[in-house]
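Dropping my_file.txt in here (compact mmCIF, C-alpha atoms):
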```txt
# COMPACT_ATOMS: atom_id res chain seq x y z
CA MET Q 1 141.16 276.81 206.31
CA ILE Q 2 137.62 275.61 205.72
CA PRO Q 3 136.51 272.56 207.71
CA PRO Q 4 136.18 269.64 205.27
CA GLY Q 5 132.73 268.88 206.66
CA ASP Q 6 131.52 272.35 205.63
CA ILE Q 7 132.75 271.77 202.08
CA ALA Q 8 131.18 268.30 201.79
CA ASP Q 9 127.90 269.50 203.24
CA LEU Q 10 127.71 272.47 200.87
CA GLN Q 11 128.51 270.28 197.88
CA ALA Q 12 125.71 267.92 198.95
CA ALA Q 13 123.34 270.90 199.28
CA PHE Q 14 124.29 272.10 195.78
CA ARG Q 15 123.66 268.62 194.36
CA ALA Q 16 120.21 268.62 195.95
CA ASN Q 17 119.37 272.15 194.83
CA PRO Q 18 121.72 273.96 192.44
CA ALA Q 19 119.76 277.19 193.05
CA ASP Q 20 120.83 277.14 196.71
CA LEU Q 21 123.62 279.46 197.81
CA GLY Q 22 126.70 278.93 199.89
CA VAL Q 23 126.84 281.43 202.71
CA GLY Q 24 130.31 282.02 204.09
CA LEU Q 25 131.99 283.71 207.03
CA TYR Q 26 135.72 284.48 207.18
CA ASN Q 27 137.76 285.40 210.22
CA PRO Q 28 140.77 287.47 209.02
CA THR Q 29 142.53 287.08 212.36
CA THR Q 30 142.53 283.29 212.42
CA GLY Q 31 142.25 282.67 208.67
CA GLU Q 32 139.31 280.34 209.28
CA ALA Q 33 136.32 280.30 206.94
CA ARG Q 34 133.00 278.56 207.53
CA LEU Q 35 130.37 277.65 204.98
CA GLY Q 36 126.73 276.66 205.07
CA SER Q 37 123.82 276.21 202.71
CA PHE Q 38 121.53 279.24 202.72
CA ASP Q 39 118.47 277.04 202.58
CA LEU Q 40 119.47 274.14 204.81
CA VAL Q 41 121.76 275.66 207.44
CA THR Q 42 121.10 279.39 207.80
CA GLN Q 43 117.35 279.06 208.42
CA GLY Q 44 116.87 281.26 205.38
CA GLN Q 45 118.47 284.10 207.29
CA GLY Q 46 121.81 284.40 205.52
CA HIS Q 47 125.02 285.37 207.27
CA GLN Q 48 123.47 285.97 210.68
CA GLY Q 49 121.69 282.64 210.40
CA LEU Q 50 125.01 280.92 209.71
CA ALA Q 51 126.64 282.70 212.64
CA ASP Q 52 123.77 281.58 214.89
CA ALA Q 53 123.97 278.01 213.60
CA LEU Q 54 127.72 277.90 214.31
CA GLY Q 55 127.49 279.64 217.68
CA ILE Q 56 129.48 282.64 216.44
CA VAL Q 57 128.77 285.69 218.58
CA ASN Q 58 131.79 287.90 217.89
CA ASN Q 59 130.33 289.13 214.60
CA SER Q 60 132.73 292.06 214.22
CA GLU Q 61 135.62 289.59 213.86
CA TRP Q 62 134.02 287.86 210.87
CA ARG Q 63 133.42 288.95 207.27
CA GLY Q 64 130.86 287.56 204.86
CA PHE Q 65 130.70 286.24 201.32
CA LEU Q 66 128.59 284.04 199.07
CA VAL Q 67 129.43 281.28 196.64
CA ARG Q 68 127.11 279.80 194.05
CA SER Q 69 126.89 276.28 192.72
CA ASP Q 70 128.21 277.50 189.34
CA GLY Q 71 131.41 278.69 191.03
CA GLN Q 72 130.63 282.38 191.17
CA PHE Q 73 132.09 284.09 194.22
CA LEU Q 74 130.26 287.11 195.65
CA PRO Q 75 132.30 288.97 198.28
CA ARG Q 76 129.28 290.79 199.71
CA SER Q 77 127.67 290.84 203.14
CA HIS Q 78 126.44 293.26 205.76
CA PHE Q 79 129.07 291.59 207.97
CA ASN Q 80 131.65 293.53 205.92
CA ALA Q 81 130.13 296.87 206.89
CA VAL Q 82 132.63 297.14 209.78
CA ASP Q 83 135.24 297.79 207.05
CA GLY Q 84 133.09 300.56 205.53
CA SER Q 85 131.14 298.74 202.82
CA MET Q 86 129.25 295.55 202.08
CA ALA Q 87 132.10 294.65 199.75
CA MET Q 88 134.93 292.62 201.28
CA LEU Q 89 138.29 294.31 201.57
CA PRO Q 90 140.51 293.16 198.66
CA VAL Q 91 142.97 291.49 201.02
CA HIS Q 92 140.19 289.42 202.61
CA GLU Q 93 138.64 288.69 199.24
CA ALA Q 94 141.94 287.31 197.93
CA ALA Q 95 142.36 285.10 200.98
CA VAL Q 96 138.84 283.69 200.70
CA ARG Q 97 139.20 283.09 196.95
CA GLN Q 98 142.29 281.04 197.71
CA LEU Q 99 140.44 278.96 200.32
CA LEU Q 100 137.48 278.37 198.00
CA ARG Q 101 139.81 277.35 195.16
CA GLN Q 102 141.55 274.86 197.43
CA ALA Q 103 138.11 273.52 198.37
CA GLY Q 104 137.21 273.11 194.70
CA LEU Q 105 134.22 275.41 194.98
CA ILE Q 106 135.49 278.04 192.55
CA GLN Q 107 138.06 277.94 189.74
CA MET Y 108 107.01 303.16 221.23
CA LYS Y 109 103.50 302.97 222.67
CA SER Y 110 103.07 300.05 225.06
CA VAL Y 111 100.64 297.41 223.83
CA ILE Y 112 98.80 294.80 225.87
CA PRO Y 113 99.40 291.42 224.24
CA VAL Y 114 96.41 289.39 223.11
CA PRO Y 115 95.79 286.56 225.65
CA LEU Y 116 96.55 283.54 223.45
CA SER Y 117 96.74 279.92 224.54
CA GLU Y 118 100.25 278.67 225.24
CA ASP Y 119 100.44 276.75 221.94
CA GLU Y 120 99.06 279.57 219.79
CA GLY Y 121 101.28 282.14 221.49
CA GLN Y 122 104.34 279.98 220.99
CA LEU Y 123 103.45 279.33 217.35
CA ALA Y 124 102.90 283.04 216.73
CA ARG Y 125 106.16 284.12 218.37
CA LEU Y 126 108.23 281.46 216.61
CA ALA Y 127 106.65 282.18 213.23
CA CYS Y 128 107.07 285.93 213.69
CA ARG Y 129 110.78 285.57 214.49
CA LYS Y 130 111.21 283.17 211.60
CA PHE Y 131 109.38 285.59 209.31
CA ALA Y 132 111.71 288.44 210.32
CA GLY Y 133 114.76 286.21 209.84
CA MET Y 134 113.59 285.16 206.40
CA ILE Y 135 113.04 288.76 205.40
CA GLU Y 136 116.58 289.39 206.62
CA GLY Y 137 117.85 286.58 204.39
CA ALA Y 138 115.86 287.78 201.38
CA ILE Y 139 117.13 291.34 201.72
CA THR Y 140 120.72 290.87 202.88
CA ILE Y 141 121.44 288.07 200.40
CA GLY Y 142 118.87 288.67 197.67
CA LEU Y 143 119.53 292.34 196.97
CA PRO Y 144 123.31 291.96 196.54
CA ILE Y 145 122.61 289.04 194.19
CA LEU Y 146 120.39 291.29 192.10
CA LEU Y 147 123.44 293.41 191.39
CA THR Y 148 125.44 290.53 189.91
CA GLY Y 149 123.91 290.95 186.48
CA GLN Y 150 123.28 287.21 186.27
CA SER Y 151 120.37 286.20 184.07
CA ASP Y 152 118.84 284.14 186.90
CA ARG Y 153 119.24 286.90 189.48
CA ARG Y 154 115.48 287.28 189.92
CA GLU Y 155 114.90 283.65 190.80
CA PHE Y 156 116.45 283.78 194.26
CA LEU Y 157 114.21 286.59 195.47
CA GLY Y 158 111.13 285.04 193.88
CA TRP Y 159 111.84 281.79 195.72
CA ARG Y 160 112.41 283.58 199.01
CA PHE Y 161 109.32 285.79 198.75
CA ASP Y 162 107.21 282.66 198.17
CA ILE Y 163 108.47 281.20 201.45
CA VAL Y 164 108.18 284.43 203.40
CA ARG Y 165 104.60 284.84 202.20
CA ALA Y 166 103.83 281.38 203.54
CA TYR Y 167 105.04 282.44 206.99
CA ALA Y 168 102.91 285.59 206.76
CA THR Y 169 99.93 283.32 206.08
CA VAL Y 170 100.75 281.34 209.23
CA LEU Y 171 100.73 284.59 211.21
CA HIS Y 172 97.31 285.32 209.73
CA THR Y 173 95.91 282.05 211.12
CA VAL Y 174 96.76 282.49 214.81
CA SER Y 175 93.57 282.03 216.82
CA GLY Y 176 92.24 282.94 220.25
CA PRO Y 177 89.68 285.23 221.90
CA THR Y 178 87.64 286.99 219.20
CA GLN Y 179 88.27 290.63 220.08
CA GLY Y 180 91.98 290.11 220.53
CA VAL Y 181 92.37 288.02 217.41
CA LEU Y 182 90.52 290.60 215.34
CA LEU Y 183 93.31 293.01 216.31
CA LEU Y 184 95.88 290.37 215.40
CA ARG Y 185 94.25 289.75 212.02
CA ASP Y 186 94.35 293.48 211.26
CA ALA Y 187 98.05 293.47 212.14
CA SER Y 188 98.81 290.41 210.01
CA ALA Y 189 96.78 291.79 207.11
CA LEU Y 190 98.86 294.96 207.26
CA LEU Y 191 102.02 292.87 207.37
CA ILE Y 192 100.92 290.86 204.31
CA ASP Y 193 100.03 294.06 202.48
CA ARG Y 194 103.42 295.62 203.19
CA LEU Y 195 105.21 292.45 202.20
CA GLY Y 196 103.37 292.62 198.89
CA GLN Y 197 104.37 296.25 198.45
CA LEU Y 198 108.01 295.40 199.11
CA GLN Y 199 107.93 292.54 196.61
CA GLN Y 200 106.24 294.74 194.03
CA ALA Y 201 108.82 297.48 194.57
CA VAL Y 202 111.68 295.00 194.15
CA GLN Y 203 110.15 293.62 190.96
CA GLY Y 204 109.62 297.13 189.63
CA VAL Y 205 113.26 298.03 190.19
CA ILE Y 206 114.53 294.80 188.64
CA GLU Y 207 112.91 295.72 185.35
CA GLN Y 208 114.82 298.99 185.15
CA ASP Y 209 118.37 299.85 184.22
CA ASP Y 210 120.82 301.16 186.79
CA ILE Y 211 119.19 299.27 189.61
CA THR Y 212 121.96 299.94 192.12
CA ALA Y 213 120.90 303.47 192.98
CA LYS Y 214 117.20 302.75 192.58
CA LEU Y 215 117.29 299.75 194.90
CA ALA Y 216 118.34 301.81 197.89
CA GLN Y 217 115.95 304.68 197.15
CA THR Y 218 112.94 302.57 196.27
CA ILE Y 219 113.29 299.59 198.54
CA GLY Y 220 114.41 301.39 201.71
CA PRO Y 221 111.04 302.87 202.73
CA HIS Y 222 109.28 299.55 202.07
CA VAL Y 223 111.74 297.68 204.28
CA VAL Y 224 111.16 300.20 207.07
CA SER Y 225 107.37 300.04 206.82
CA LEU Y 226 107.39 296.22 206.66
CA PHE Y 227 109.44 296.00 209.85
CA ASP Y 228 107.11 298.54 211.49
CA ALA Y 229 104.26 296.14 210.73
CA VAL Y 230 106.22 293.12 211.99
CA GLU Y 231 107.01 294.93 215.25
CA ALA Y 232 103.36 295.94 215.67
CA TYR Y 233 102.32 292.31 215.23
CA GLY Y 234 105.10 291.22 217.57
CA ALA Y 235 103.85 293.58 220.29
CA LEU Y 236 100.38 291.99 220.10
CA ILE Y 237 101.78 288.49 220.64
CA GLY Y 238 104.16 289.51 223.43
CA LEU Y 239 107.33 289.27 221.38
CA ALA Y 240 110.04 291.52 222.80
CA PRO Y 241 111.16 294.14 220.23
CA ASP Y 242 114.81 293.12 220.66
CA LYS Y 243 113.95 289.73 219.10
CA LEU Y 244 113.30 291.53 215.82
CA ALA Y 245 115.78 294.38 216.10
CA ARG Y 246 118.78 292.54 214.69
CA SER Y 247 116.95 291.51 211.51
CA ARG Y 248 115.68 295.03 211.02
CA ALA Y 249 119.13 296.52 211.52
CA ALA Y 250 120.71 294.06 209.05
CA CYS Y 251 118.12 294.89 206.39
CA GLU Y 252 118.42 298.63 206.85
CA LEU Y 253 122.22 298.44 206.79
CA THR Y 254 122.10 296.41 203.57
CA VAL Y 255 119.77 298.83 201.82
CA GLN Y 256 121.82 301.82 202.92
CA SER Y 257 125.04 300.20 201.74
CA LEU Y 258 123.79 299.17 198.30
CA GLY Y 259 124.36 302.51 196.63
CA ALA Y 260 128.04 302.50 197.57
CA LEU Y 261 128.87 299.11 196.07
CA PRO Y 262 131.19 298.66 193.12
CA PRO Y 263 129.76 296.38 190.40
CA LEU Y 264 130.59 292.69 190.55
CA PRO Y 265 132.20 291.04 187.54
CA ALA Y 266 129.84 288.75 185.67
CA ALA Y 267 130.57 285.03 186.02
CA PRO Y 268 132.21 283.35 183.04
CA THR Y 269 129.68 281.71 180.76
CA GLY Y 270 129.82 278.55 178.69
```
In structure tokens, write the structure found in this file.
Amino acid sequence: MIPPGDIADLQAAFRANPADLGVGLYNPTTGEARLGSFDLVTQGQGHQGLADALGIVNNSEWRGFLVRSDGQFLPRSHFNAVDGSMAMLPVHEAAVRQLLRQAGLIQ
Amino acid sequence: MKSVIPVPLSEDEGQLARLACRKFAGMIEGAITIGLPILLTGQSDRREFLGWRFDIVRAYATVLHTVSGPTQGVLLLRDASALLIDRLGQLQQAVQGVIEQDDITAKLAQTIGPHVVSLFDAVEAYGALIGLAPDKLARSRAACELTVQSLGALPPLPAAPTG
């Protein structure tokens, strides 16, 4: 699941600046995903900035993705390199797509 | 790495310099680890994100170029920040050059990689002069280098639906 507060905050960030990006982290073990505005939450640092902001230190247990205000989903992050590439594994990508659809962030 | 004696800055100036230097490295990390993958999306506005980020990163570089203190020490610092600004400009120019070409996936890694390395060399040299431990910058450097190395192996992303 994605905490409702993360979704509301990202939607507010997109309303303020549609060019902002949603930075996301997904934990395949727990099924939890977290989101934050690139500009407002991650200190302009991207996935590591989000991890720092959320107090996440077990980076190898999390995978990364991006979502744009126009609903484009980008399953890319250096957090995915533990699986061999910056691209998310298809099984993780499918799970995150489902979560983002439920959140109304992508179609 | 050669040991460097930090410039004796006042507490406020030293704190400002170390915070701005870490922030600068983090913002470079964000520009590279997020901006380069976005370039590969094929979106018409793909250049805008990096342009926006480079504007902000350049502002932080300017802050680093204003740190003040004892003349001889600060002259060393200004040389280091000038080098950093120059290398940032080279990286931005290299990114812009690649964007204009076709088949940017392979060219990004080849062209951008050396500029990322030399920019972080300059950041670390500046960091040494302000007493910033190298490990404070190491994670950003590693993330950028990993991203650049991984770019060539990425499958293309589907373009977003339009209209």
Item to check | Counting only C-alpha atoms, chain Q residues within 7 Å of chain Y, as a VMD selection string | outcome: chain Q and resid 44 to 46 72 76 to 78 85 to 87
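Using all atoms listed in the file, the nearest neighbour of Leu21 in chain Q within the list Q:Ala33, Q:Ile2, Q:Leu105, Q:Val67 is Q:Val67.
For the atom pair formed by CA of Gln122 in chain Y and CA of Pro177 in chain Y, the distance is 15.6 Å, given to one decimal.
The two atoms in question, CA of Gly196 in chain Y and CA of Gln43 in chain Q, are spaced 21.7 Å apart.
Of note, CA of Arg125 in chain Y and CA of Ile237 in chain Y are spaced 6.6 Å apart.
Using only C-alpha atoms, the nearest neighbour of Pro75 in chain Q within the list Q:Leu54, Q:Thr42, Q:Ala103, Q:Gly24 is Q:Gly24.
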Within 12 Å of (100.4, 294.3, 211.8), in the coordinates the file gives, what residues turn up when you count all atoms listed in the file, written out as an mmCIF file with C-alpha atoms, keeping the file's coordinate frame?
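Saved as out06.cif:
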```cif
data_model
loop_
_atom_site.group_PDB
_atom_site.id
_atom_site.type_symbol
_atom_site.label_atom_id
_atom_site.label_comp_id
_atom_site.auth_asym_id
_atom_site.auth_seq_id
_atom_site.Cartn_x
_atom_site.Cartn_y
_atom_site.Cartn_z
ATOM 1 C CA CYS Y 128 107.070 285.930 213.690
ATOM 2 C CA ALA Y 168 102.910 285.590 206.760
ATOM 3 C CA LEU Y 171 100.730 284.590 211.210
ATOM 4 C CA HIS Y 172 97.310 285.320 209.730
ATOM 5 C CA VAL Y 181 92.370 288.020 217.410
ATOM 6 C CA LEU Y 182 90.520 290.600 215.340
ATOM 7 C CA LEU Y 183 93.310 293.010 216.310
ATOM 8 C CA LEU Y 184 95.880 290.370 215.400
ATOM 9 C CA ARG Y 185 94.250 289.750 212.020
ATOM 10 C CA ASP Y 186 94.350 293.480 211.260
ATOM 11 C CA ALA Y 187 98.050 293.470 212.140
ATOM 12 C CA SER Y 188 98.810 290.410 210.010
ATOM 13 C CA ALA Y 189 96.780 291.790 207.110
ATOM 14 C CA LEU Y 190 98.860 294.960 207.260
ATOM 15 C CA LEU Y 191 102.020 292.870 207.370
ATOM 16 C CA ILE Y 192 100.920 290.860 204.310
ATOM 17 C CA ASP Y 193 100.030 294.060 202.480
ATOM 18 C CA ARG Y 194 103.420 295.620 203.190
ATOM 19 C CA LEU Y 195 105.210 292.450 202.200
ATOM 20 C CA SER Y 225 107.370 300.040 206.820
ATOM 21 C CA LEU Y 226 107.390 296.220 206.660
ATOM 22 C CA PHE Y 227 109.440 296.000 209.850
ATOM 23 C CA ASP Y 228 107.110 298.540 211.490
ATOM 24 C CA ALA Y 229 104.260 296.140 210.730
ATOM 25 C CA VAL Y 230 106.220 293.120 211.990
ATOM 26 C CA GLU Y 231 107.010 294.930 215.250
ATOM 27 C CA ALA Y 232 103.360 295.940 215.670
ATOM 28 C CA TYR Y 233 102.320 292.310 215.230
ATOM 29 C CA GLY Y 234 105.100 291.220 217.570
ATOM 30 C CA ALA Y 235 103.850 293.580 220.290
ATOM 31 C CA LEU Y 236 100.380 291.990 220.100
ATOM 32 C CA ILE Y 237 101.780 288.490 220.640
#
```
Checklist outcome for this item: Using only C-alpha atoms, the best pick from Q:Ile56, Q:Leu89, Q:Leu40, Q:Leu50 as closest to Phe14 in chain Q would be Q:Leu40
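Residue nearest Asp20 in chain Q, chosen from Q:Ser37, Q:Gln102, Q:Asn80, Q:Gln107 and counting all atoms listed in the file: Q:Ser37.
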Next on the checklist: Just want the 10 Å neighbourhood of Met88 in chain Q, counted on all atoms listed in the file, with same-chain residues fewer than 4 positions away dropped. Output as a ChimeraX atom specification.
Outcome noted: /Q:63-65,74-84,92-94,96
